[in-house]
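Asker: Below is the file data-v6.csv, with CSV, C-alpha atoms.
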```
chain,number,residue,atom,x,y,z
A,5,MET,CA,8.4,-19.5,23.6
A,6,SER,CA,4.8,-19.2,22.3
A,7,LYS,CA,3.4,-21.3,19.5
A,8,LEU,CA,3.3,-18.2,17.2
A,9,ASP,CA,7.0,-17.6,17.9
A,10,LEU,CA,7.9,-21.2,17.1
A,11,LEU,CA,5.9,-21.0,13.8
A,12,LEU,CA,7.7,-17.8,12.8
A,13,GLN,CA,11.1,-19.3,13.7
A,14,GLU,CA,10.3,-22.3,11.5
A,15,ALA,CA,9.2,-20.0,8.7
A,16,THR,CA,12.3,-17.9,8.9
A,17,GLU,CA,14.5,-21.0,8.5
A,18,ILE,CA,13.0,-21.7,5.0
A,19,GLU,CA,14.7,-19.6,2.3
A,20,SER,CA,13.6,-19.2,-1.3
A,21,ASP,CA,15.9,-18.7,-4.2
A,22,ALA,CA,15.3,-14.9,-4.0
A,23,TYR,CA,16.8,-14.9,-0.4
A,24,GLN,CA,19.8,-16.9,-1.4
A,25,ASP,CA,20.5,-14.7,-4.4
A,26,ALA,CA,20.0,-11.6,-2.3
A,27,ARG,CA,22.6,-12.8,0.2
A,28,ARG,CA,25.1,-13.2,-2.7
A,29,GLN,CA,24.3,-9.8,-4.1
A,30,MET,CA,24.6,-8.1,-0.7
A,31,ALA,CA,28.1,-9.6,-0.3
A,32,VAL,CA,29.1,-8.0,-3.6
A,33,CYS,CA,27.5,-4.7,-2.7
A,34,ASN,CA,29.1,-4.7,0.7
A,35,ALA,CA,32.5,-5.1,-0.9
A,36,CYS,CA,31.8,-2.4,-3.5
A,37,ARG,CA,29.8,0.2,-1.6
A,38,TYR,CA,29.6,2.6,-4.6
A,39,CYS,CA,25.8,3.2,-4.0
A,40,GLU,CA,26.2,3.9,-0.3
A,41,GLY,CA,24.7,7.4,-0.5
A,42,TYR,CA,21.8,6.4,-2.8
A,43,CYS,CA,19.1,5.5,-0.2
A,44,ALA,CA,18.7,4.0,3.3
A,45,VAL,CA,19.3,0.5,2.2
A,46,PHE,CA,23.1,0.7,1.6
A,47,PRO,CA,24.1,2.3,4.9
A,48,ALA,CA,21.9,-0.3,6.7
A,49,MET,CA,23.6,-3.0,4.6
A,50,ALA,CA,27.1,-1.6,5.5
A,51,ALA,CA,26.3,-2.0,9.2
A,52,ARG,CA,26.0,-5.8,8.7
A,53,ARG,CA,28.7,-8.3,8.2
A,54,GLU,CA,26.3,-11.3,7.8
A,55,PHE,CA,22.8,-11.4,6.2
A,56,GLU,CA,20.3,-13.6,7.9
A,57,LYS,CA,16.9,-14.0,6.4
A,58,ALA,CA,15.5,-11.4,8.9
A,59,ASP,CA,18.1,-8.9,7.8
A,60,LEU,CA,17.4,-9.4,4.1
A,61,THR,CA,13.6,-9.1,4.7
A,62,HIS,CA,14.3,-5.8,6.6
A,63,LEU,CA,16.5,-4.5,3.8
A,64,ALA,CA,14.0,-5.5,1.1
A,65,ASN,CA,11.2,-3.6,2.8
A,66,LEU,CA,13.5,-0.6,3.4
A,67,CYS,CA,14.1,-0.5,-0.3
A,68,HIS,CA,11.8,2.0,-2.1
A,69,ASN,CA,12.5,0.6,-5.6
A,70,CYS,CA,14.0,3.8,-7.0
A,71,LYS,CA,16.2,1.7,-9.3
A,72,GLY,CA,19.1,4.1,-8.9
A,73,CYS,CA,21.5,1.4,-7.7
A,74,TYR,CA,20.7,-0.8,-10.8
A,75,HIS,CA,21.6,1.9,-13.3
A,76,ALA,CA,24.7,2.9,-11.4
A,77,CYS,CA,26.0,-0.6,-10.8
A,78,GLN,CA,29.0,-1.8,-12.8
A,79,TYR,CA,28.0,-5.4,-11.9
A,80,ALA,CA,24.5,-5.3,-13.3
A,81,PRO,CA,23.5,-7.5,-16.2
A,82,PRO,CA,25.0,-8.4,-18.6
A,83,HIS,CA,27.9,-8.7,-16.1
A,84,ALA,CA,28.5,-12.2,-14.8
A,85,PHE,CA,27.6,-11.1,-11.2
A,86,GLY,CA,24.1,-10.1,-12.4
A,87,ILE,CA,23.4,-7.7,-9.6
A,88,ASN,CA,19.8,-6.6,-9.8
A,89,ILE,CA,18.8,-5.4,-6.3
A,90,PRO,CA,15.5,-3.7,-7.3
A,91,ALA,CA,14.0,-6.9,-8.9
A,92,THR,CA,15.4,-9.2,-6.2
A,93,PHE,CA,14.2,-7.1,-3.3
A,94,ALA,CA,10.7,-6.7,-4.9
A,95,THR,CA,10.4,-10.5,-5.0
A,96,ILE,CA,11.5,-10.7,-1.3
A,97,ARG,CA,9.0,-8.1,-0.3
A,98,GLN,CA,6.2,-10.0,-2.0
A,99,GLU,CA,7.3,-13.2,-0.2
A,100,SER,CA,7.4,-11.4,3.1
A,101,TYR,CA,3.9,-10.2,2.6
A,102,ALA,CA,2.7,-13.7,2.1
A,103,GLU,CA,4.8,-15.1,4.9
A,104,PHE,CA,3.5,-12.8,7.6
A,105,ALA,CA,-0.1,-12.6,6.3
A,106,TRP,CA,-2.8,-13.4,8.8
A,107,PRO,CA,-4.5,-15.8,8.9
A,108,SER,CA,-1.4,-17.8,7.7
A,109,GLY,CA,-3.1,-19.7,4.9
A,110,MET,CA,-4.2,-16.4,3.3
A,111,GLY,CA,-0.7,-15.7,2.2
A,112,ARG,CA,-1.2,-17.8,-0.9
A,113,LEU,CA,-3.5,-15.1,-2.2
A,114,PHE,CA,-0.4,-13.0,-3.0
A,115,GLU,CA,0.6,-15.6,-5.6
A,116,ARG,CA,-2.4,-14.5,-7.8
A,117,ASN,CA,-2.8,-11.0,-6.6
A,118,GLY,CA,-4.0,-9.5,-9.8
A,119,THR,CA,-6.8,-12.2,-10.1
A,120,LEU,CA,-7.7,-11.6,-6.5
A,121,VAL,CA,-8.1,-7.8,-6.9
A,122,ALA,CA,-10.0,-8.1,-10.2
A,123,GLY,CA,-12.2,-10.9,-8.9
A,124,ALA,CA,-13.0,-9.1,-5.6
A,125,ALA,CA,-13.9,-5.9,-7.5
A,126,THR,CA,-16.2,-7.8,-9.8
A,127,LEU,CA,-17.8,-9.8,-7.0
A,128,PHE,CA,-18.5,-6.9,-4.7
A,129,VAL,CA,-19.7,-4.5,-7.4
A,130,THR,CA,-22.2,-7.2,-8.5
A,131,LEU,CA,-23.2,-7.8,-4.9
A,132,ALA,CA,-23.8,-4.1,-4.2
A,133,LEU,CA,-25.9,-3.7,-7.4
A,134,VAL,CA,-27.9,-6.9,-6.8
A,135,LEU,CA,-28.6,-6.1,-3.1
A,136,THR,CA,-29.6,-2.5,-4.0
A,137,VAL,CA,-32.1,-3.7,-6.7
A,138,LEU,CA,-33.5,-6.4,-4.3
A,139,ILE,CA,-33.9,-4.0,-1.4
A,140,ARG,CA,-35.2,-0.9,-3.1
A,141,ASP,CA,-38.1,-0.3,-5.4
A,142,PRO,CA,-36.8,0.5,-9.0
A,143,ALA,CA,-38.8,3.7,-8.8
A,144,VAL,CA,-36.6,4.9,-6.0
A,145,LEU,CA,-33.4,3.5,-7.4
A,146,PHE,CA,-33.6,5.2,-10.8
A,147,SER,CA,-35.3,8.5,-9.7
A,148,ALA,CA,-33.6,11.6,-8.4
A,149,GLN,CA,-33.1,11.6,-4.7
A,150,THR,CA,-32.5,14.9,-2.9
A,151,GLY,CA,-32.5,16.3,0.6
A,152,THR,CA,-31.5,14.8,3.9
A,153,GLY,CA,-30.8,11.1,3.9
A,154,ALA,CA,-30.9,10.8,0.1
A,155,PHE,CA,-28.0,8.2,0.0
A,156,PHE,CA,-29.7,6.0,2.6
A,157,ARG,CA,-32.9,5.8,0.5
A,158,ILE,CA,-30.7,3.9,-2.0
A,159,ILE,CA,-28.6,1.8,0.4
A,160,PRO,CA,-29.8,1.6,4.0
A,161,LEU,CA,-27.4,2.8,6.6
A,162,TRP,CA,-27.6,-0.5,8.5
A,163,LEU,CA,-26.4,-2.4,5.4
A,164,ILE,CA,-23.5,0.1,4.8
A,165,ASN,CA,-22.4,-0.3,8.5
A,166,LEU,CA,-22.7,-4.1,8.3
A,167,LEU,CA,-20.8,-4.6,5.1
A,168,ALA,CA,-18.3,-1.7,5.2
A,169,GLY,CA,-17.7,-1.8,9.0
A,170,GLY,CA,-17.3,-5.6,9.0
A,171,SER,CA,-14.9,-5.8,6.0
A,172,PHE,CA,-12.8,-2.8,7.2
A,173,GLY,CA,-12.7,-4.1,10.7
A,174,PHE,CA,-11.4,-7.4,9.5
A,175,ALA,CA,-8.8,-5.7,7.3
A,176,VAL,CA,-7.5,-3.6,10.3
A,177,VAL,CA,-7.2,-6.7,12.5
A,178,ALA,CA,-5.5,-8.7,9.7
A,179,MET,CA,-3.0,-6.0,8.9
A,180,ALA,CA,-2.3,-5.4,12.6
A,181,MET,CA,-1.5,-9.1,13.1
A,182,GLY,CA,0.6,-9.1,10.0
A,183,ALA,CA,2.6,-6.1,11.3
A,184,ILE,CA,3.2,-7.9,14.6
A,185,ARG,CA,4.3,-11.0,12.9
A,186,TYR,CA,6.6,-9.0,10.6
A,187,TRP,CA,8.0,-7.1,13.7
A,188,ARG,CA,8.8,-10.4,15.4
A,189,GLY,CA,10.0,-12.1,12.2
A,190,THR,CA,12.6,-9.4,11.5
A,191,GLY,CA,14.0,-9.4,15.0
A,192,GLY,CA,11.8,-6.7,16.6
A,193,MET,CA,13.4,-3.8,18.4
A,194,GLY,CA,14.5,-4.1,22.0
A,195,GLY,CA,15.0,-1.3,24.5
A,196,SER,CA,12.7,1.5,25.5
A,197,PHE,CA,10.7,3.8,23.2
A,198,GLN,CA,12.8,6.6,21.7
A,199,PRO,CA,10.8,9.6,20.3
A,200,GLN,CA,13.4,10.9,18.0
A,201,PRO,CA,13.8,7.8,15.8
A,202,ALA,CA,10.0,7.7,15.6
A,203,VAL,CA,9.9,11.3,14.4
A,204,ASP,CA,12.7,10.6,11.9
A,205,ALA,CA,10.8,7.6,10.5
A,206,ALA,CA,7.5,9.5,10.3
A,207,VAL,CA,9.3,12.3,8.3
A,208,ASP,CA,10.7,9.6,5.9
A,209,VAL,CA,7.3,8.1,5.5
A,210,LEU,CA,5.5,11.4,4.8
A,211,THR,CA,8.1,12.9,2.5
A,212,LEU,CA,9.1,9.6,0.8
A,213,ARG,CA,12.7,10.8,1.1
A,214,ASN,CA,14.1,7.5,-0.1
A,215,LEU,CA,12.2,7.8,-3.4
A,216,GLY,CA,14.7,10.6,-4.1
A,217,GLY,CA,17.4,8.0,-4.7
A,218,GLY,CA,20.7,9.8,-4.1
A,219,GLY,CA,18.9,13.2,-4.0
A,220,HIS,CA,18.2,13.6,-7.7
A,221,GLY,CA,15.2,11.2,-8.0
A,222,CYS,CA,14.4,7.8,-9.3
A,223,ASN,CA,15.6,6.0,-12.5
A,224,ASP,CA,12.2,4.8,-13.8
A,225,LEU,CA,12.6,5.2,-17.5
A,226,ASP,CA,16.3,4.9,-18.0
A,227,ASP,CA,19.5,6.2,-16.3
A,228,SER,CA,18.1,9.7,-16.1
A,229,PHE,CA,16.8,11.0,-12.8
A,230,ALA,CA,13.2,12.2,-12.2
A,231,GLN,CA,11.1,13.1,-9.2
A,232,HIS,CA,7.7,12.3,-10.8
A,233,ARG,CA,7.3,8.9,-9.2
A,234,ARG,CA,7.8,10.5,-5.8
A,235,TRP,CA,5.2,13.2,-6.5
A,236,LEU,CA,2.7,10.6,-7.8
A,237,HIS,CA,3.2,8.4,-4.8
A,238,GLN,CA,2.5,11.4,-2.5
A,239,ALA,CA,-0.5,12.4,-4.5
A,240,MET,CA,-1.9,8.9,-4.2
A,241,PHE,CA,-1.1,8.6,-0.4
A,242,PHE,CA,-2.5,12.0,0.6
A,243,GLY,CA,-5.5,11.5,-1.7
A,244,PHE,CA,-6.2,8.2,0.0
A,245,MET,CA,-5.8,9.8,3.4
A,246,LEU,CA,-8.1,12.7,2.5
A,247,CYS,CA,-10.8,10.2,1.3
A,248,PHE,CA,-10.4,8.4,4.7
A,249,ALA,CA,-10.8,11.8,6.4
A,250,ALA,CA,-14.0,12.4,4.4
A,251,THR,CA,-15.5,9.2,5.6
A,252,SER,CA,-14.4,9.9,9.2
A,253,THR,CA,-15.8,13.4,9.3
A,254,GLY,CA,-19.0,12.2,7.6
A,255,ALA,CA,-19.4,9.7,10.4
A,256,ILE,CA,-18.8,12.4,13.0
A,257,TYR,CA,-21.3,14.7,11.3
A,258,HIS,CA,-23.9,11.9,11.3
A,259,HIS,CA,-23.4,10.3,14.8
A,260,VAL,CA,-22.3,13.2,16.8
A,261,PHE,CA,-24.0,16.2,15.3
A,262,GLY,CA,-26.9,14.5,13.6
A,263,TRP,CA,-26.1,16.0,10.3
A,264,ARG,CA,-27.1,13.5,7.6
A,265,SER,CA,-25.6,13.3,4.1
A,266,PRO,CA,-25.6,14.5,1.4
A,267,HIS,CA,-23.7,17.5,2.8
A,268,ASP,CA,-23.2,20.9,1.2
A,269,PHE,CA,-20.3,21.1,-1.3
A,270,LEU,CA,-18.3,23.4,1.0
A,271,SER,CA,-18.7,21.0,4.0
A,272,LEU,CA,-15.6,19.2,5.3
A,273,PRO,CA,-16.6,15.7,4.2
A,274,VAL,CA,-17.3,16.8,0.6
A,275,GLN,CA,-14.2,18.9,0.4
A,276,PHE,CA,-12.0,16.2,1.8
A,277,GLY,CA,-13.6,13.7,-0.6
A,278,THR,CA,-13.4,15.9,-3.6
A,279,TRP,CA,-9.7,16.8,-3.3
A,280,GLY,CA,-8.9,13.3,-2.1
A,281,GLY,CA,-10.5,11.8,-5.2
A,282,VAL,CA,-8.7,14.2,-7.5
A,283,LEU,CA,-5.3,13.4,-5.9
A,284,LEU,CA,-6.1,9.7,-5.8
A,285,CYS,CA,-6.9,9.7,-9.6
A,286,ILE,CA,-3.9,11.7,-10.5
A,287,GLY,CA,-1.5,9.6,-8.4
A,288,THR,CA,-2.8,6.2,-9.5
A,289,ALA,CA,-3.2,7.2,-13.2
A,290,GLY,CA,0.4,8.6,-13.2
A,291,LEU,CA,1.8,5.5,-11.5
A,292,LEU,CA,0.0,3.2,-14.0
A,293,TRP,CA,1.7,5.3,-16.8
A,294,VAL,CA,5.1,5.0,-15.1
A,295,LYS,CA,4.8,1.2,-14.8
A,296,THR,CA,3.8,1.0,-18.5
A,297,VAL,CA,6.8,2.9,-19.8
A,298,THR,CA,9.5,2.0,-17.2
A,299,ASP,CA,12.7,0.1,-18.0
A,300,PRO,CA,11.7,-3.6,-17.6
A,301,ALA,CA,15.2,-4.8,-16.7
A,302,PRO,CA,15.1,-4.0,-12.9
A,303,VAL,CA,11.5,-5.0,-12.5
A,304,ALA,CA,10.1,-8.2,-11.1
A,305,ARG,CA,7.7,-8.9,-13.9
A,306,LYS,CA,5.6,-11.6,-12.2
A,307,LEU,CA,4.4,-9.0,-9.6
A,308,MET,CA,3.2,-6.5,-12.2
A,309,GLY,CA,-0.3,-8.0,-12.6
A,310,GLY,CA,-1.2,-7.4,-8.9
A,311,GLU,CA,0.2,-3.9,-9.0
A,312,TYR,CA,-1.7,-2.9,-12.1
A,313,ALA,CA,-4.9,-4.3,-10.6
A,314,LEU,CA,-4.6,-2.5,-7.3
A,315,LEU,CA,-3.8,0.8,-8.9
A,316,GLY,CA,-6.7,0.3,-11.3
A,317,LEU,CA,-9.0,-0.4,-8.3
A,318,LEU,CA,-7.9,2.7,-6.5
A,319,PHE,CA,-8.4,4.8,-9.6
A,320,LEU,CA,-11.9,3.5,-10.1
A,321,ILE,CA,-12.7,4.3,-6.4
A,322,GLY,CA,-11.5,7.8,-6.8
A,323,SER,CA,-13.2,8.4,-10.2
A,324,THR,CA,-16.6,6.9,-9.2
A,325,GLY,CA,-16.5,9.0,-6.0
A,326,LEU,CA,-16.1,12.1,-8.0
A,327,LEU,CA,-18.8,11.0,-10.5
A,328,LEU,CA,-21.1,10.4,-7.5
A,329,LEU,CA,-20.6,14.0,-6.4
A,330,VAL,CA,-21.5,15.2,-9.9
A,331,VAL,CA,-24.7,13.1,-10.3
A,332,ARG,CA,-25.9,12.9,-6.7
A,333,HIS,CA,-29.0,15.0,-7.5
A,334,THR,CA,-30.0,13.0,-10.6
A,335,GLY,CA,-31.5,9.7,-11.4
A,336,ALA,CA,-28.0,8.2,-12.0
A,337,MET,CA,-27.1,8.5,-8.3
A,338,GLY,CA,-28.5,5.1,-7.3
A,339,ILE,CA,-26.4,3.1,-9.7
A,340,MET,CA,-23.3,5.2,-9.2
A,341,LEU,CA,-23.6,4.9,-5.4
A,342,ALA,CA,-23.9,1.1,-5.6
A,343,LEU,CA,-21.0,0.9,-8.0
A,344,HIS,CA,-18.8,3.1,-5.8
A,345,PHE,CA,-19.8,1.2,-2.6
A,346,GLY,CA,-19.0,-2.2,-4.2
A,347,LEU,CA,-15.5,-1.0,-5.2
A,348,VAL,CA,-14.8,0.3,-1.7
A,349,LEU,CA,-15.9,-3.0,-0.2
A,350,ALA,CA,-13.6,-4.8,-2.6
A,351,LEU,CA,-10.7,-2.6,-1.5
A,352,PHE,CA,-11.4,-3.3,2.2
A,353,VAL,CA,-11.4,-7.1,1.6
A,354,VAL,CA,-8.2,-7.2,-0.4
A,355,LEU,CA,-6.3,-4.6,1.8
A,356,PRO,CA,-4.4,-7.2,3.9
A,357,TYR,CA,-3.5,-9.4,0.9
A,358,SER,CA,-2.4,-6.8,-1.6
A,359,LYS,CA,0.6,-4.5,-2.0
A,360,MET,CA,-1.2,-2.0,0.3
A,361,VAL,CA,0.5,-3.7,3.2
A,362,HIS,CA,3.8,-2.4,2.0
A,363,GLY,CA,3.0,0.9,3.7
A,364,ILE,CA,3.0,-0.8,7.1
A,365,TYR,CA,6.0,-3.0,6.6
A,366,ARG,CA,8.0,-0.2,5.1
A,367,SER,CA,7.1,2.1,8.0
A,368,ILE,CA,8.4,-0.5,10.4
A,369,ALA,CA,11.6,-0.9,8.4
A,370,LEU,CA,12.1,2.9,8.4
A,371,LEU,CA,11.6,3.0,12.2
A,372,ARG,CA,14.0,0.1,12.7
A,373,ASN,CA,16.5,1.9,10.5
A,374,ALA,CA,16.1,5.2,12.4
A,375,ARG,CA,16.8,3.4,15.7
A,376,GLU,CA,19.9,1.7,14.3
A,377,LYS,CA,21.2,5.1,13.3
A,378,ARG,CA,20.6,6.4,16.8
A,379,PRO,CA,21.7,3.6,19.2
A,380,ALA,CA,20.6,3.9,22.8
```
With the file now loaded, output its structure as structure tokens.

Answerer:
Amino acid sequence: MSKLDLLLQEATEIESDAYQDARRQMAVCNACRYCEGYCAVFPAMAARREFEKADLTHLANLCHNCKGCYHACQYAPPHAFGINIPATFATIRQESYAEFAWPSGMGRLFERNGTLVAGAATLFVTLALVLTVLIRDPAVLFSAQTGTGAFFRIIPLWLINLLAGGSFGFAVVAMAMGAIRYWRGTGGMGGSFQPQPAVDAAVDVLTLRNLGGGGHGCNDLDDSFAQHRRWLHQAMFFGFMLCFAATSTGAIYHHVFGWRSPHDFLSLPVQFGTWGGVLLCIGTAGLLWVKTVTDPAPVARKLMGGEYALLGLLFLIGSTGLLLLVVRHTGAMGIMLALHFGLVLALFVVLPYSKMVHGIYRSIALLRNAREKRPA
């Protein structure tokens, strides 16, 4: 057994109060099974007779926090059993992010996630503005820049590649290592690769099927059902992916075809970025509204600061990107470009230590669930 496996085994032997309470609640839910058709969590729960820490971590990351089980539960507070699966599983998810973070000591950043996101945004926006002022003549920075290579007259390409490439590369490595540690820490999946479970999991990820609760939607405001949180999540997700596509196609344009930015409005990078920014702003603003007006009872309140901060950062990235498109031929472009670049750098740095990692862990949980439903 490798040193990493030994460390993970030792970590999984340590249980917090949330894990102990989750085991008690799962015992009650497994006896009741009223919510069995609500989402993927309860069929997966019913397939287990005992709940080890790895099982509870898997179930918590399989939970999409639709809150339907809370409002349907006859044992929810003020009942003496105090069943509150959404809040308990949200706490376990946060603890799993910290437990499997890489490098290991960085997991402590999840304890003050709101401060981390806000601090990183402030630091890197300031850094981008200061470096831009130091590198470029103010006459260039505050004057209209047009034509080929206009952006790079403000921030040199080598600096963009160094800072953005380095921070994003580290984020990818850190999240990949966290995913491997999560995979091993929750038991992994033996046997050969099966394409159908992978397809099933991909469909669940892309459609957010489990945010539909029992089929009618989530219970965010009260015990009434609504699909708006599912739609807002999809807007944010596809907006983020379109923004990533804009960056990727822009890089292909530059390095493969020699077409340097800024590109025409109808070009692929600009169209991807425009619609991605619009969807990102709609999704994040809507989710911020949902979190503000949601029923606080099934919510893990101590995690809200980090969630607000991350959604706010994503909204600012989308909105400054759109504003940059509007002012790119004016004297305001320099400051707006530096502001947008600093916010993007902040996102890259906090990616492995924010709620953004839930997409990776939840995808692995959905894949494991799909394989359990289709035994070899």

Asker: Using 10 Å as the limit and counting all atoms listed in the file, can you tabulate each residue of range 246-361 of chain A that touches range 69-88 of chain A, with its shortest atom-to-atom distance in Å and the two atoms involved, as a Markdown table?

Answerer:
```
| residue | atom | partner | partner_atom | distance |
| --- | --- | --- | --- | --- |
| A:Asp299 | CA | A:Lys71 | CA | 9.5 |
| A:Ala301 | CA | A:Asn88 | CA | 8.5 |
| A:Pro302 | CA | A:Asn88 | CA | 6.2 |
| A:Val303 | CA | A:Lys71 | CA | 8.8 |
| A:Ala304 | CA | A:Asn88 | CA | 9.9 |
```

Asker: Out of A:Gly338, A:Gly346, A:Gly363, A:Gly216, which residue has the shortest atom-to-atom distance to Ala148 in chain A when counting all atoms listed in the file?

Answerer: A:Gly338

Asker: Tell me which residues come within 9 Å of (-5.4, -4.2, -5.6), as a PDB file with C-alpha atoms, in the frame of the given file, counting all atoms listed in the file in the file's coordinates.

Answerer:
```
ATOM      1  CA  ASN A 117      -2.800 -11.000  -6.600  1.00  0.00           C
ATOM      2  CA  GLY A 118      -4.000  -9.500  -9.800  1.00  0.00           C
ATOM      3  CA  LEU A 120      -7.700 -11.600  -6.500  1.00  0.00           C
ATOM      4  CA  VAL A 121      -8.100  -7.800  -6.900  1.00  0.00           C
ATOM      5  CA  ALA A 122     -10.000  -8.100 -10.200  1.00  0.00           C
ATOM      6  CA  ALA A 125     -13.900  -5.900  -7.500  1.00  0.00           C
ATOM      7  CA  GLY A 310      -1.200  -7.400  -8.900  1.00  0.00           C
ATOM      8  CA  GLU A 311       0.200  -3.900  -9.000  1.00  0.00           C
ATOM      9  CA  TYR A 312      -1.700  -2.900 -12.100  1.00  0.00           C
ATOM     10  CA  ALA A 313      -4.900  -4.300 -10.600  1.00  0.00           C
ATOM     11  CA  LEU A 314      -4.600  -2.500  -7.300  1.00  0.00           C
ATOM     12  CA  LEU A 315      -3.800   0.800  -8.900  1.00  0.00           C
ATOM     13  CA  GLY A 316      -6.700   0.300 -11.300  1.00  0.00           C
ATOM     14  CA  LEU A 317      -9.000  -0.400  -8.300  1.00  0.00           C
ATOM     15  CA  LEU A 318      -7.900   2.700  -6.500  1.00  0.00           C
ATOM     16  CA  ALA A 350     -13.600  -4.800  -2.600  1.00  0.00           C
ATOM     17  CA  LEU A 351     -10.700  -2.600  -1.500  1.00  0.00           C
ATOM     18  CA  VAL A 354      -8.200  -7.200  -0.400  1.00  0.00           C
ATOM     19  CA  LEU A 355      -6.300  -4.600   1.800  1.00  0.00           C
ATOM     20  CA  TYR A 357      -3.500  -9.400   0.900  1.00  0.00           C
ATOM     21  CA  SER A 358      -2.400  -6.800  -1.600  1.00  0.00           C
ATOM     22  CA  LYS A 359       0.600  -4.500  -2.000  1.00  0.00           C
ATOM     23  CA  MET A 360      -1.200  -2.000   0.300  1.00  0.00           C
TER      24      MET A 360
END
```

Asker: Nearest to Phe114 in chain A: which of A:Val361, A:Ala143, A:Leu347, A:Leu270 is it, counting all atoms listed in the file?

Answerer: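 For Phe114 in chain A, the nearest of the candidates is A:Val361.
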
Asker: Compute the distance from (-34.7, 8.6, -10.8) to each atom, counting only C-alpha atoms, keep the residues with any atom at most 9 Å away, and return them as a short mmCIF file (atom, residue, chain, number, x, y, z; two decimals) with C-alpha atoms, keeping the file's coordinate frame; use the coordinates of the file.

Answerer:
```cif
data_model
loop_
_atom_site.label_atom_id
_atom_site.label_comp_id
_atom_site.auth_asym_id
_atom_site.auth_seq_id
_atom_site.Cartn_x
_atom_site.Cartn_y
_atom_site.Cartn_z
CA PRO A 142 -36.80 0.50 -9.00
CA ALA A 143 -38.80 3.70 -8.80
CA VAL A 144 -36.60 4.90 -6.00
CA LEU A 145 -33.40 3.50 -7.40
CA PHE A 146 -33.60 5.20 -10.80
CA SER A 147 -35.30 8.50 -9.70
CA ALA A 148 -33.60 11.60 -8.40
CA GLN A 149 -33.10 11.60 -4.70
CA THR A 334 -30.00 13.00 -10.60
CA GLY A 335 -31.50 9.70 -11.40
CA ALA A 336 -28.00 8.20 -12.00
CA MET A 337 -27.10 8.50 -8.30
CA GLY A 338 -28.50 5.10 -7.30
#
```

Asker: Which residue gives the smallest distance to Thr130 in chain A among A:Phe46, A:Phe241, A:Phe352, A:Phe345, with only C-alpha atoms counted?

Answerer: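 Nearest to Thr130 in chain A: A:Phe345.
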
Asker: Nearest to Arg305 in chain A among A:Gly41, A:Gly169, A:Pro90, A:Gly322, with distances taken over only C-alpha atoms: which residue is it?

Answerer: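 Once distances to Arg305 in chain A are computed over only C-alpha atoms, the minimum belongs to A:Pro90.
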
Asker: With a distance cut-off of 8 Å and all atoms listed in the file, select the neighbouring residues of Ala178 in chain A, excluding the residue or stretch itself and same-chain residues fewer than 6 positions from it, and output the selection as a ChimeraX atom specification.

Answerer: /A:105-107,356

Asker: Go through A:Ser265, A:Ser271, A:Thr61, A:Thr296 and flag the residue nearest Phe156 in chain A, using all atoms listed in the file for the distances.

Answerer: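 Among the listed residues, the smallest separation from Phe156 in chain A belongs to A:Ser265.
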
Asker: Please compute the CA of His62 in chain A-CA of Thr190 in chain A distance, one decimal, in Å.

Answerer: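 Atom-to-atom, CA of His62 in chain A and CA of Thr190 in chain A are spaced 6.3 Å apart.
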
Asker: Quick one: pull the distance between CA of Thr251 in chain A and CA of Leu343 in chain A, Å, one decimal.

Answerer: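 For CA of Thr251 in chain A relative to CA of Leu343 in chain A, the distance reads 16.9 Å.
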
Asker: Under the rule that only C-alpha atoms are counted, which of A:Phe269, A:Phe242, A:Phe104, A:Phe319 is the nearest residue to Arg188 in chain A?

Answerer: A:Phe104

Asker: Rounded to one decimal place, report the CA of Phe261 in chain A-CA of Ala168 in chain A distance in Å.

Answerer: 21.3 Å

Asker: Need the shell around Tyr365 in chain A: protein/DNA/RNA residues with any atom at most 8 Å away, counting only C-alpha atoms. Skip same-chain ones fewer than 3 positions apart. Format as number ranges by chain?

Answerer: A: 65, 183, 186, 361-362, 368-369
